[in-house]
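Chemist: Pasting model.cif here (mmCIF, C-alpha atoms):
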```
data_work
loop_
_atom_site.label_atom_id
_atom_site.label_comp_id
_atom_site.auth_asym_id
_atom_site.auth_seq_id
_atom_site.Cartn_x
_atom_site.Cartn_y
_atom_site.Cartn_z
CA MET L 119 -17.04 -16.28 -2.24
CA ARG L 120 -14.87 -17.37 0.69
CA LEU L 121 -11.16 -17.56 -0.09
CA PHE L 122 -8.81 -20.28 1.17
CA ALA L 123 -9.15 -21.14 4.88
CA THR L 124 -12.50 -21.74 6.60
CA ALA L 125 -11.03 -21.91 10.12
CA PHE L 126 -8.25 -20.04 11.87
CA GLN L 127 -5.88 -20.43 14.79
CA ALA L 128 -5.90 -17.66 17.40
CA HIS L 129 -2.69 -16.76 19.25
CA ALA L 130 -2.16 -14.25 22.04
CA THR L 131 1.39 -13.48 20.92
CA PHE L 132 3.74 -14.12 18.01
CA SER L 133 5.90 -16.28 20.27
CA GLU L 134 2.95 -18.59 20.77
CA LEU L 135 2.43 -18.81 17.01
CA LEU L 136 6.12 -19.60 16.40
CA ASN L 137 6.15 -22.32 19.05
CA SER L 138 3.21 -24.10 17.43
CA ASN L 139 4.19 -23.44 13.78
CA SER L 140 7.93 -23.94 13.44
CA ARG L 141 7.69 -24.50 9.65
CA TYR L 142 7.62 -20.75 8.89
CA GLN L 143 11.08 -19.67 7.75
CA GLY L 144 10.07 -16.37 6.19
CA PHE L 145 7.52 -13.61 6.67
CA ILE L 146 6.07 -11.08 4.24
CA LEU L 147 5.24 -8.01 6.30
CA ASP L 148 2.74 -5.24 5.71
CA GLN L 149 3.73 -1.79 6.98
CA PHE L 150 0.84 0.34 8.28
CA GLY L 151 -0.99 -1.38 11.12
CA VAL L 152 1.67 -4.08 11.51
CA LEU L 153 5.13 -2.50 11.75
CA HIS L 154 4.27 1.15 12.25
CA ASN L 155 1.61 3.84 12.00
CA GLY L 156 3.47 6.21 9.70
CA GLN L 157 4.98 8.14 12.60
CA HIS L 158 6.66 5.52 14.76
CA ALA L 159 6.91 1.77 15.33
CA LEU L 160 3.92 0.04 16.89
CA PRO L 161 4.45 -1.42 20.39
CA GLY L 162 6.56 -4.56 20.30
CA ALA L 163 7.19 -4.50 16.54
CA VAL L 164 10.88 -3.51 16.65
CA GLU L 165 11.63 -6.18 19.25
CA LEU L 166 9.81 -8.86 17.25
CA VAL L 167 11.66 -7.98 14.04
CA GLU L 168 14.97 -8.20 15.91
CA HIS L 169 13.94 -11.55 17.39
CA LEU L 170 12.98 -12.97 14.00
CA ALA L 171 16.21 -11.74 12.40
CA LYS L 172 18.30 -13.34 15.15
CA ALA L 173 16.36 -16.59 14.58
CA ASN L 174 17.46 -16.41 10.91
CA LYS L 175 13.93 -15.85 9.64
CA LYS L 176 13.83 -14.06 6.28
CA LEU L 177 11.76 -10.85 6.25
CA ILE L 178 10.50 -8.79 3.32
CA ILE L 179 8.12 -5.84 3.23
CA LEU L 180 5.12 -5.92 0.89
CA SER L 181 3.35 -2.60 0.83
CA ASN L 182 0.67 -0.78 -1.11
CA THR L 183 2.63 2.41 -0.64
CA SER L 184 2.98 4.48 -3.79
CA SER L 185 6.60 5.16 -2.82
CA PRO L 186 9.53 3.23 -4.32
CA ALA L 187 10.98 0.27 -2.42
CA HIS L 188 14.28 2.06 -1.71
CA THR L 189 12.40 4.94 -0.09
CA THR L 190 10.46 2.46 2.06
CA LEU L 191 13.71 0.93 3.31
CA GLN L 192 15.34 4.32 3.86
CA ARG L 193 12.49 5.35 6.19
CA LEU L 194 12.90 2.35 8.49
CA PRO L 195 15.64 3.76 10.80
CA GLY L 196 13.51 6.82 11.51
CA LEU L 197 10.71 4.51 12.56
CA GLY L 198 12.98 2.50 14.86
CA PHE L 199 13.81 -0.48 12.61
CA ASN L 200 17.13 -1.78 11.35
CA PRO L 201 16.84 -2.11 7.54
CA ASP L 202 19.49 -4.85 7.60
CA HIS L 203 16.86 -7.13 9.13
CA PHE L 204 14.93 -7.10 5.83
CA ILE L 205 16.06 -8.63 2.56
CA GLY L 206 14.14 -5.93 0.69
CA ALA L 207 10.72 -4.55 -0.14
CA VAL L 208 8.13 -4.87 -2.89
CA THR L 209 5.87 -1.84 -3.33
CA SER L 210 2.98 -1.01 -5.61
CA GLY L 211 4.72 2.29 -6.34
CA ASP L 212 7.67 0.52 -7.92
CA GLU L 213 5.45 -1.54 -10.18
CA ALA L 214 3.30 1.44 -11.19
CA SER L 215 6.30 3.66 -11.97
CA ARG L 216 7.81 0.86 -14.07
CA LEU L 217 4.65 0.69 -16.22
CA ILE L 218 4.59 4.48 -16.59
CA ARG L 219 8.28 4.54 -17.55
CA GLU L 220 7.89 1.76 -20.10
CA THR L 221 4.60 3.03 -21.57
CA TYR L 222 4.94 6.80 -21.44
CA GLY L 223 8.41 7.72 -20.16
CA GLY L 224 10.60 6.39 -22.94
CA GLY L 225 11.85 3.43 -20.92
CA ASP L 226 14.64 5.57 -19.44
CA GLY L 227 14.76 5.31 -15.65
CA ASP L 228 16.64 8.64 -15.48
CA GLY L 229 13.70 10.39 -17.09
CA GLY L 230 15.53 11.81 -20.13
CA ARG L 231 14.53 15.26 -18.95
CA GLY L 232 17.51 16.88 -20.59
CA ASP L 233 16.63 15.76 -24.11
CA ASP L 234 13.11 17.07 -24.67
CA GLU L 235 13.71 18.13 -28.25
CA ALA L 236 14.88 14.69 -29.36
CA ASP L 237 11.95 12.78 -27.93
CA GLY L 238 9.19 15.31 -28.50
CA GLY L 239 8.95 16.48 -24.90
CA PRO L 240 7.54 14.79 -21.82
CA ARG L 241 4.19 12.99 -21.79
CA ARG L 242 1.82 14.70 -19.37
CA PHE L 243 -0.52 13.26 -16.78
CA VAL L 244 -3.10 14.26 -14.17
CA TRP L 245 -1.51 13.47 -10.81
CA PHE L 246 -3.55 12.78 -7.67
CA THR L 247 -0.80 12.78 -5.07
CA TRP L 248 0.32 13.90 -1.62
CA GLY L 249 0.50 17.55 -0.69
CA PRO L 250 3.44 19.28 0.99
CA GLY L 251 3.76 18.72 4.71
CA ASN L 252 2.27 15.22 4.88
CA THR L 253 4.74 13.54 7.25
CA ASN L 254 3.08 10.14 6.83
CA ALA L 255 4.22 9.90 3.20
CA PRO L 256 7.64 10.49 1.57
CA SER L 257 7.96 13.20 -1.06
CA PRO L 258 6.08 12.18 -4.22
CA LEU L 259 9.11 13.27 -6.21
CA HIS L 260 10.80 9.95 -5.37
CA PHE L 261 8.03 8.28 -7.37
CA LEU L 262 8.11 10.85 -10.19
CA LYS L 263 11.84 10.39 -10.74
CA GLN L 264 11.28 6.70 -11.48
CA CYS L 265 8.59 7.38 -14.11
CA GLY L 266 10.88 8.56 -16.88
CA ASN L 267 10.22 11.49 -19.19
CA VAL L 268 6.77 12.45 -17.94
CA GLU L 269 5.40 15.60 -16.34
CA PRO L 270 2.29 16.35 -14.26
CA THR L 271 -0.22 18.93 -15.44
CA LEU L 272 -3.34 20.56 -14.04
CA SER L 273 -4.84 20.69 -17.55
CA VAL L 274 -6.80 17.55 -18.40
CA GLU L 275 -6.74 18.65 -22.04
CA GLU L 276 -2.94 18.31 -22.07
CA ALA L 277 -2.87 14.92 -20.34
CA ASP L 278 -2.22 11.48 -21.83
CA PHE L 279 -3.05 9.52 -18.67
CA VAL L 280 -3.99 9.77 -14.98
CA VAL L 281 -2.15 8.56 -11.86
CA ALA L 282 -3.82 7.87 -8.50
CA HIS L 283 -0.80 8.12 -6.22
CA GLY L 284 -1.85 10.06 -3.11
CA SER L 285 -4.80 11.70 -1.38
CA GLY L 286 -3.79 15.32 -0.84
CA VAL L 287 -3.77 17.39 -4.05
CA VAL L 288 -3.81 17.33 -7.81
CA ARG L 289 -0.28 18.52 -8.55
CA GLY L 290 1.13 20.49 -11.45
CA ALA L 291 4.68 20.61 -12.80
CA GLY L 292 7.72 21.32 -10.63
CA LEU L 293 10.90 19.50 -9.72
CA SER L 294 11.08 20.52 -6.07
CA ASP L 295 8.64 20.42 -3.17
CA ASP L 296 9.98 23.86 -2.25
CA ASP L 297 9.32 25.33 -5.69
CA GLY L 298 7.04 28.30 -5.11
CA ASP L 299 5.83 28.11 -8.70
CA ILE L 300 4.21 24.65 -8.31
CA CYS L 301 0.44 24.78 -8.72
CA PHE L 302 -1.88 22.57 -6.72
CA GLN L 303 -5.57 21.82 -6.91
CA SER L 304 -7.07 20.82 -3.59
CA MET L 305 -8.97 17.57 -3.00
CA GLU L 306 -10.66 19.39 -0.12
CA SER L 307 -11.52 17.01 2.76
CA PHE L 308 -11.11 13.71 0.90
CA LEU L 309 -8.16 12.49 3.00
CA GLU L 310 -10.11 13.01 6.23
CA ASP L 311 -13.65 11.95 5.27
CA GLY L 312 -13.53 10.29 1.84
CA ASP L 313 -15.66 13.00 0.18
CA LEU L 314 -15.09 12.66 -3.58
CA THR L 315 -17.01 15.79 -4.63
CA GLU L 316 -14.00 17.77 -5.90
CA ILE L 317 -12.27 14.68 -7.25
CA ASP L 318 -15.36 13.69 -9.26
CA LYS L 319 -15.12 16.96 -11.19
CA VAL L 320 -11.62 16.10 -12.37
CA LEU L 321 -12.47 12.45 -13.04
CA LYS L 322 -15.41 13.45 -15.21
CA GLN L 323 -13.09 15.52 -17.42
CA CYS L 324 -10.63 12.61 -17.61
CA LEU L 325 -13.44 10.23 -18.53
CA ASP L 326 -14.66 12.57 -21.28
CA ARG L 327 -11.20 12.24 -22.84
CA ASN L 328 -11.07 8.48 -22.18
CA LEU L 329 -7.76 8.82 -20.31
CA PRO L 330 -6.38 5.59 -18.81
CA MET L 331 -5.62 5.62 -15.08
CA ILE L 332 -2.77 3.93 -13.22
CA CYS L 333 -3.31 3.37 -9.49
CA ALA L 334 -0.07 3.23 -7.50
CA ASN L 335 -1.75 2.75 -4.11
CA PRO L 336 -4.90 0.59 -4.09
CA ASP L 337 -5.60 0.92 -0.35
CA PHE L 338 -9.00 2.30 0.61
CA VAL L 339 -8.19 3.36 4.18
CA VAL L 340 -5.26 3.33 6.61
CA GLN L 341 -5.02 4.05 10.32
CA TYR L 342 -2.87 7.13 10.96
CA GLY L 343 -0.87 7.22 14.17
CA ASP L 344 -0.94 9.58 17.15
CA GLY L 345 -4.71 9.88 17.14
CA GLY L 346 -4.95 10.65 13.44
CA GLY L 347 -7.70 8.10 12.90
CA ILE L 348 -8.81 6.60 9.61
CA ARG L 349 -7.57 8.29 6.44
CA TYR L 350 -8.84 7.69 2.90
CA MET L 351 -6.46 6.42 0.26
CA PRO L 352 -6.12 6.56 -3.57
CA GLY L 353 -7.81 3.17 -4.05
CA ASN L 354 -11.10 5.03 -3.62
CA ILE L 355 -10.22 7.35 -6.51
CA ALA L 356 -9.42 4.39 -8.76
CA ARG L 357 -12.62 2.60 -7.73
CA ARG L 358 -14.73 5.69 -8.46
CA TYR L 359 -13.13 6.13 -11.90
CA GLN L 360 -13.91 2.51 -12.75
CA GLU L 361 -17.49 2.94 -11.52
CA MET L 362 -17.79 5.91 -13.88
CA GLY L 363 -16.64 3.69 -16.76
CA GLY L 364 -12.97 4.64 -16.80
CA ARG L 365 -10.07 2.30 -17.53
CA CYS L 366 -7.71 1.65 -14.63
CA THR L 367 -4.63 -0.52 -14.09
CA THR L 368 -4.09 -1.17 -10.37
CA PHE L 369 -0.92 -2.41 -8.67
CA GLY L 370 -0.34 -3.91 -5.23
CA LYS L 371 -2.26 -6.18 -2.91
CA PRO L 372 -4.51 -8.15 -3.27
CA HIS L 373 -3.00 -9.08 -6.68
CA SER L 374 -1.19 -12.39 -6.26
CA GLU L 375 1.72 -11.36 -8.51
CA HIS L 376 3.12 -9.12 -5.78
CA PHE L 377 3.03 -11.92 -3.19
CA GLU L 378 4.73 -14.24 -5.66
CA ALA L 379 7.45 -11.63 -6.23
CA CYS L 380 8.11 -11.68 -2.48
CA ILE L 381 8.30 -15.47 -2.49
CA ARG L 382 10.92 -15.32 -5.25
CA GLU L 383 12.96 -12.79 -3.28
CA LEU L 384 12.77 -14.92 -0.12
CA GLY L 385 13.82 -18.06 -2.00
CA LEU L 386 11.46 -20.23 0.04
CA ASP L 387 8.52 -22.52 -0.68
CA LYS L 388 5.07 -20.99 -0.19
CA GLU L 389 4.17 -23.27 2.70
CA ASP L 390 7.24 -22.05 4.61
CA VAL L 391 6.21 -18.39 4.37
CA ALA L 392 3.39 -16.44 6.03
CA HIS L 393 2.09 -12.99 5.18
CA VAL L 394 1.32 -10.64 8.08
CA GLY L 395 -1.24 -7.89 7.50
CA ASP L 396 -4.17 -5.99 9.00
CA SER L 397 -6.45 -5.66 5.95
CA LEU L 398 -8.78 -8.50 5.07
CA HIS L 399 -9.45 -7.07 1.61
CA HIS L 400 -5.81 -6.50 0.61
CA ASP L 401 -3.59 -8.62 2.88
CA ILE L 402 -5.59 -11.72 3.74
CA ALA L 403 -7.52 -12.04 0.47
CA GLY L 404 -4.29 -11.48 -1.48
CA ALA L 405 -2.35 -14.07 0.48
CA ASN L 406 -5.20 -16.53 0.06
CA LEU L 407 -5.27 -15.98 -3.69
CA ALA L 408 -1.51 -16.56 -3.83
CA GLY L 409 -1.81 -19.75 -1.75
CA ILE L 410 0.28 -18.34 1.12
CA PRO L 411 -0.56 -18.79 4.84
CA SER L 412 -1.68 -15.53 6.41
CA ILE L 413 -1.56 -13.85 9.82
CA PHE L 414 -4.28 -11.28 10.50
CA ILE L 415 -3.45 -8.47 12.96
CA THR L 416 -6.72 -7.38 14.58
CA GLY L 417 -5.39 -4.10 16.01
CA GLY L 418 -5.18 -2.39 12.61
CA ILE L 419 -7.81 -0.92 10.31
CA HIS L 420 -10.53 -3.36 11.40
CA SER L 421 -10.05 -2.65 15.12
CA ASP L 422 -13.23 -0.59 15.55
CA GLU L 423 -15.35 -3.26 13.86
CA LEU L 424 -13.86 -5.95 16.10
CA GLU L 425 -14.77 -4.11 19.31
CA ALA L 426 -11.66 -5.13 21.26
CA ALA L 427 -9.23 -3.03 23.28
CA THR L 428 -5.73 -2.61 21.84
CA GLY L 429 -3.76 -5.78 22.45
CA ASP L 430 -6.81 -7.92 23.28
CA MET L 431 -8.10 -10.81 21.16
CA PRO L 432 -11.57 -10.02 19.74
CA ASP L 433 -14.52 -12.29 20.38
CA GLU L 434 -14.48 -15.35 18.11
CA GLU L 435 -18.05 -14.79 16.95
CA ILE L 436 -17.27 -11.20 15.93
CA LEU L 437 -14.19 -12.39 14.05
CA ASN L 438 -16.14 -15.05 12.17
CA THR L 439 -18.84 -12.52 11.25
CA LEU L 440 -16.25 -10.14 9.82
CA PHE L 441 -14.46 -12.91 7.90
CA GLU L 442 -17.77 -14.09 6.46
CA ARG L 443 -18.72 -10.59 5.38
CA GLU L 444 -15.33 -9.90 3.76
CA GLY L 445 -15.14 -13.37 2.19
CA ALA L 446 -11.60 -14.02 3.46
CA THR L 447 -10.42 -16.05 6.44
CA PRO L 448 -6.79 -15.98 7.65
CA THR L 449 -4.70 -18.92 8.76
CA HIS L 450 -3.79 -17.24 12.06
CA VAL L 451 -5.12 -14.34 14.12
CA LEU L 452 -3.13 -12.16 16.55
CA PRO L 453 -4.02 -8.91 18.33
CA MET L 454 -0.66 -7.24 17.56
CA PHE L 455 2.69 -7.88 15.88
CA ARG L 456 4.65 -8.48 19.09
CA LEU L 457 6.44 -11.26 20.97
#
```
Would you mind giving the structure from this file in structure tokens?

Modeler:
Amino acid sequence: MRLFATAFQAHATFSELLNSNSRYQGFILDQFGVLHNGQHALPGAVELVEHLAKANKKLIILSNTSSPAHTTLQRLPGLGFNPDHFIGAVTSGDEASRLIRETYGGGDGDGGRGDDEADGGPRRFVWFTWGPGNTNAPSPLHFLKQCGNVEPTLSVEEADFVVAHGSGVVRGAGLSDDDGDICFQSMESFLEDGDLTEIDKVLKQCLDRNLPMICANPDFVVQYGDGGGIRYMPGNIARRYQEMGGRCTTFGKPHSEHFEACIRELGLDKEDVAHVGDSLHHDIAGANLAGIPSIFITGGIHSDELEAATGDMPDEEILNTLFEREGATPTHVLPMFRL
């Protein structure tokens, strides 16, 4: 089924789009593939954000990152952006940690870790997350601290639920990334090639116990910077668990609730806001479902399929073929997020 628009407007630059569409007073911005690549800002992105802020456009980040919103904003200066140019951020990690806190963590945002005897001890969970040394993702402990009185375990038999948060390791208990006593179980090459062989073994045990899963990052792939190429994300773990018959609650794009949360934060009407993203499945389909105009950046995760050099507009026929296959057509198309 095709969602929303059946035709799109192509623009060489963002300036061209603004000149022909002055109604947009706010923009919901994806991170990876639009603003930055996890290591540094993408060409022209910092300058465009500054230009939009000076023009009094309201900007908010909407990301499928499993990290909390405050961590997302804290990382911006290191990537070259001024966080004051954004009114805030909405992340799938925030929403997932809220559900975990309310359902399993006692509803206490501080975790209640000092009162184990009174509440019966922490609830335990199987945690697919990021391993130490992954500079493209903040420490997973930022997420854990928001989840309340819960604790990761490598024993499926001890677990009450499962969390798909990152793509590096299955992590055991420990309150510091430097804790030498933390135990990890490797996901082998999943991050690099999407091989689920080792993950399937853990998922089968979770399924046998009918453990519910919470997915804090529904992305399937992202484009890593500095030649890192495509990397496979936790959305694949959640999808596999559902294919096996497991129960999974997923947060983030393309669910329309997250777009609507951004609209509320911006304080604007939907028709005066556009979402900028590089994923047809998550960004464009989600914006279409929410009834928000969308801007598709072709230089992101679909760049290889579109067969265009960085910064060049892909062939219209190739674009239409991709939109037809994915069942989602954007309102606007640009090669990059730049003036």

Chemist: Which residues fall under the PyMOL selection byres ((chain L and resi 209) around 12) in this file, as a PyMOL selection string?

Modeler: chain L and resi 146-149+178-191+206-208+210-216+261+334-336+369-371+373+375-377+379-380

Chemist: Please determine, counting all atoms listed in the file, which residue among L:Asn174, L:Thr416, L:Ser285, L:Ser273 has the shortest atom-to-atom distance to Asn252 (chain L).

Modeler: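 Going through L:Asn174, L:Thr416, L:Ser285, L:Ser273 one by one, the smallest distance to Asn252 (chain L) is for L:Ser285.
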
Chemist: If you measure from CA of Ser133 (chain L) to CA of Lys172 (chain L), what distance in Å do you get, rounded to one decimal?

Modeler: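 That distance, rounded to one decimal, is 13.7 Å.
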
Chemist: So, counting only C-alpha atoms, which residue among L:Pro411, L:Gly395, L:Gly224, L:Gly404 is closest to Gly144 (chain L)?

Modeler: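 Closest candidate: L:Pro411.
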
Chemist: Residues picked by the PyMOL selection byres ((chain L and resi 323) around 12) here, as a PyMOL selection string?

Modeler: chain L and resi 244+272-277+279-280+316-322+324-329+359+362+364

Chemist: Once the PyMOL selection byres ((chain L and resi 154) around 10) is applied to the coordinates I shared, what remains selected? I want it as JSON, numbers by chain.

Modeler: {"L": [148, 149, 150, 151, 152, 153, 155, 156, 157, 158, 159, 160, 161, 163, 164, 194, 197, 198, 199, 341, 342, 343, 455]}

Chemist: Box along x, y and z, 4 Å on every side, all listed atoms of region 174-191 of chain L inside: centre and edge lengths in Å to one decimal, as lines of an AutoDock Vina configuration file.

Modeler:
```
center_x = 9.1
center_y = -5.6
center_z = 3.3
size_x = 24.8
size_y = 29.6
size_z = 23.2
```

Chemist: Provide the CA of Gly347 (chain L) to CA of Leu452 (chain L) distance in Å, to one decimal place.

Modeler: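 Distance reported for this atom pair: 21.1 Å.
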
Chemist: When you draw a straight line from CA of Ala282 (chain L) to CA of His393 (chain L), how long is it in Å?

Modeler: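 Computing it gives 25.6 Å between the two atoms.
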
Chemist: Find the residue from L:Asp337, L:Cys265, L:Pro352, L:Pro195 that sits nearest to Val287 (chain L); use all atoms listed in the file when measuring.

Modeler: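 Smallest distance to Val287 (chain L) is found for L:Pro352.
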
Chemist: Out of L:Pro256, L:Val394, L:Glu168, L:Glu423, which residue has the shortest atom-to-atom distance to Val451 (chain L) when counting only C-alpha atoms?

Modeler: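 When distances to Val451 (chain L) are compared using only C-alpha atoms, the smallest one comes from L:Val394.
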
Chemist: So which residues touch Phe145 (chain L) within 6 Å, counting all atoms listed in the file, skipping near sequence neighbours fewer than 3 positions away, as a list in words?

Modeler: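 Those residues are Leu177, Val391, Ala392 and His393 of chain L.
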
Chemist: When you count all atoms listed in the file, which of these residues is closest to Gly290 (chain L): L:Pro448, L:Pro330, L:Pro201, L:Gly249?

Modeler: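 Comparing L:Pro448, L:Pro330, L:Pro201, L:Gly249 against Gly290 (chain L), the winner is L:Gly249.
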
Chemist: Between L:Gly162, L:Ser140, L:Pro258, L:Ala130, which one has atoms that come closest to Glu389 (chain L), using only C-alpha atoms?

Modeler: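 For Glu389 (chain L), the nearest of the given residues is L:Ser140.
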